[in-house]
Amino acid sequence: MNALAALADPTRRRIVELLAEGERSAGDLASEFSGKRPGVSRHLRILREHGLVRARADGRRRVYSLDPGPLDELDAWLTHYRAFWQNRLDALDTEVKRQRRNT
Amino acid sequence: MTDGRCALRLSRRYDAAPAELWTALSDLDRWLAPPDGVTVRRAEPERRLELDWRPDGEPPSEVVVELRAEGAQTVVVIEHTQIEATRGMRYIAAWGRAMERFDAAP
C-alpha cells in the first residue's frame, strides 16, 4: 500500500480532514469516532507509517498533525515519468526512421 | 492535477502516416523497452494502445497512447494516469487548501 492508497479508507480520510483544521491529540481524535477507539490508534499508526501524519509528544499526550510528504512523492512521480516519456518519444522517432530505411 | 486525477500528458508530432507509426509503436521492445509488470490491455490498430502499468514497488497506473492523423503527419498523445492518485488526490487537495487557510489565519 502506498501513501495515497492509505487514504482509500474512510476513517483515515476523516482523520486527515480533522487534522487539516489543526493538530489534535490521539484521545481527542478518538472521541470523534464513538465506539471505535482502538481502531483510531491503528489508523493513526498506518497514516504515520505512510508519512501522511506526524506525531509529537506533549507531556503524556501524543499530538498528531498532517505531513505534506505525499505531495512530494507525487511530484517525484511526475518528474520521473515526464523525462521517461520524452526519452521514449525520441526512441519512437528513431524507430520510425529505422523502419523506413529497411523498407 | 484536476478533478482528483493525477495524470501526465505529452504529445509529439511525427513525420509519418498513422499506419507507419503504428508498425513502429507495436514493437514495444524497440522503442519503449517496457519494465516488467507492463502489459498491453487493448490495441486498436492505428488509433489507440492501452497499457496496464504495474511494475514492482510502484503504485499502479495506466498508459493510453493515441494516434491522430494530421495531413501527412501523425500526432501521438501519451497519457499516463496514476490510479491510486485519482482516489487520493481529492483529499490531499482539500487538505492542502485547509492548510493554506490555517497558515493564513492571523
# chains A, B, ... in the order shown; residues from 1 in each chain; ligands from 1

$ interface_residues --of "chain A" --to "chain B" --cutoff "7 Å" --atoms "only C-alpha atoms" --output "list of chain:residue names"
A:Asn2, A:Leu4, A:Ala5, A:Leu7, A:Ala8, A:Glu17, A:Ala20, A:Glu21, A:Leu78, A:Arg88, A:Ala91, A:Leu92, A:Glu95, A:Val96

$ write_last_selection --atoms "N, CA and C atoms" --output "compact mmCIF listing (two decimals), in the first residue's frame"
# COMPACT_ATOMS: atom_id res chain seq x y z
N ASN A 2 0.62 2.17 -0.90
CA ASN A 2 1.39 3.41 -0.88
C ASN A 2 0.61 4.48 -0.13
N LEU A 4 -0.95 7.09 -0.98
CA LEU A 4 -2.26 7.52 -1.48
C LEU A 4 -3.31 6.44 -1.28
N ALA A 5 -2.88 5.18 -1.41
CA ALA A 5 -3.82 4.08 -1.18
C ALA A 5 -4.27 4.06 0.28
N LEU A 7 -5.19 6.40 1.91
CA LEU A 7 -6.30 7.33 2.05
C LEU A 7 -7.61 6.78 1.50
N ALA A 8 -7.57 5.56 0.97
CA ALA A 8 -8.81 4.98 0.43
C ALA A 8 -9.77 4.62 1.56
N GLU A 17 -9.00 14.84 7.39
CA GLU A 17 -9.82 16.07 7.32
C GLU A 17 -9.81 16.82 8.65
N ALA A 20 -6.59 18.50 9.15
CA ALA A 20 -6.42 19.65 8.26
C ALA A 20 -6.83 20.95 8.96
N GLU A 21 -7.65 20.82 9.98
CA GLU A 21 -8.09 22.01 10.71
C GLU A 21 -7.10 22.41 11.81
N LEU A 78 5.74 12.45 -11.14
CA LEU A 78 5.50 13.23 -12.36
C LEU A 78 6.82 13.60 -13.05
N ARG A 88 11.34 8.24 -24.47
CA ARG A 88 10.73 7.17 -25.28
C ARG A 88 10.11 7.71 -26.57
N ALA A 91 12.85 7.84 -28.91
CA ALA A 91 13.17 6.48 -29.38
C ALA A 91 12.17 6.03 -30.44
N LEU A 92 10.91 6.45 -30.29
CA LEU A 92 9.89 6.08 -31.28
C LEU A 92 10.21 6.73 -32.63
N GLU A 95 12.88 4.78 -34.23
CA GLU A 95 12.34 3.51 -34.73
C GLU A 95 11.59 3.71 -36.05
N VAL A 96 10.83 4.79 -36.18
CA VAL A 96 10.11 5.07 -37.43
C VAL A 96 11.13 5.25 -38.57

$ select_by_dssp --residues "chain A" --states "strand (DSSP E)" --output "ChimeraX atom specification"
/A:24-25,53-58,61-66

$ write_last_selection --atoms "C-alpha atoms" --output "PDB file, in the first residue's frame"
ATOM      1  CA  ARG A  24      -5.029  17.160  17.699  1.00  0.00           C
ATOM      2  CA  SER A  25      -4.205  14.621  20.360  1.00  0.00           C
ATOM      3  CA  VAL A  53       0.744  12.423   9.584  1.00  0.00           C
ATOM      4  CA  ARG A  54       3.423  13.006  12.187  1.00  0.00           C
ATOM      5  CA  ALA A  55       3.292  12.800  15.960  1.00  0.00           C
ATOM      6  CA  ARG A  56       4.987  14.761  18.710  1.00  0.00           C
ATOM      7  CA  ALA A  57       4.974  14.234  22.439  1.00  0.00           C
ATOM      8  CA  ASP A  58       3.271  16.868  24.589  1.00  0.00           C
ATOM      9  CA  ARG A  61      -0.102  13.063  25.214  1.00  0.00           C
ATOM     10  CA  ARG A  62       0.758  12.373  21.599  1.00  0.00           C
ATOM     11  CA  VAL A  63      -0.258  15.187  19.311  1.00  0.00           C
ATOM     12  CA  TYR A  64      -0.810  14.494  15.625  1.00  0.00           C
ATOM     13  CA  SER A  65      -0.548  16.814  12.627  1.00  0.00           C
ATOM     14  CA  LEU A  66      -0.510  16.448   8.854  1.00  0.00           C
TER      15      LEU A  66
END

$ atom_distance --atom1 "CA of Trp53 in chain B" --atom2 "CA of His50 in chain A"
22.1 Å

$ atom_distance --atom1 "CA of Trp77 in chain A" --atom2 "CA of Arg41 in chain B"
22.2 Å

$ select_by_dssp --residues "chain A" --states "helix (DSSP H, G or I)" --output "ChimeraX atom specification"
/A:5-8,10-20,26-30,37-49,69-101

$ residues_around --residues "range 10-14 of chain A" --least-positions-apart "3" --cutoff "9 Å" --atoms "only C-alpha atoms" --output "PyMOL selection string"
(chain A and resi 6-7+17-19+33+39-40+43-44+46-47) or (chain B and resi 91)
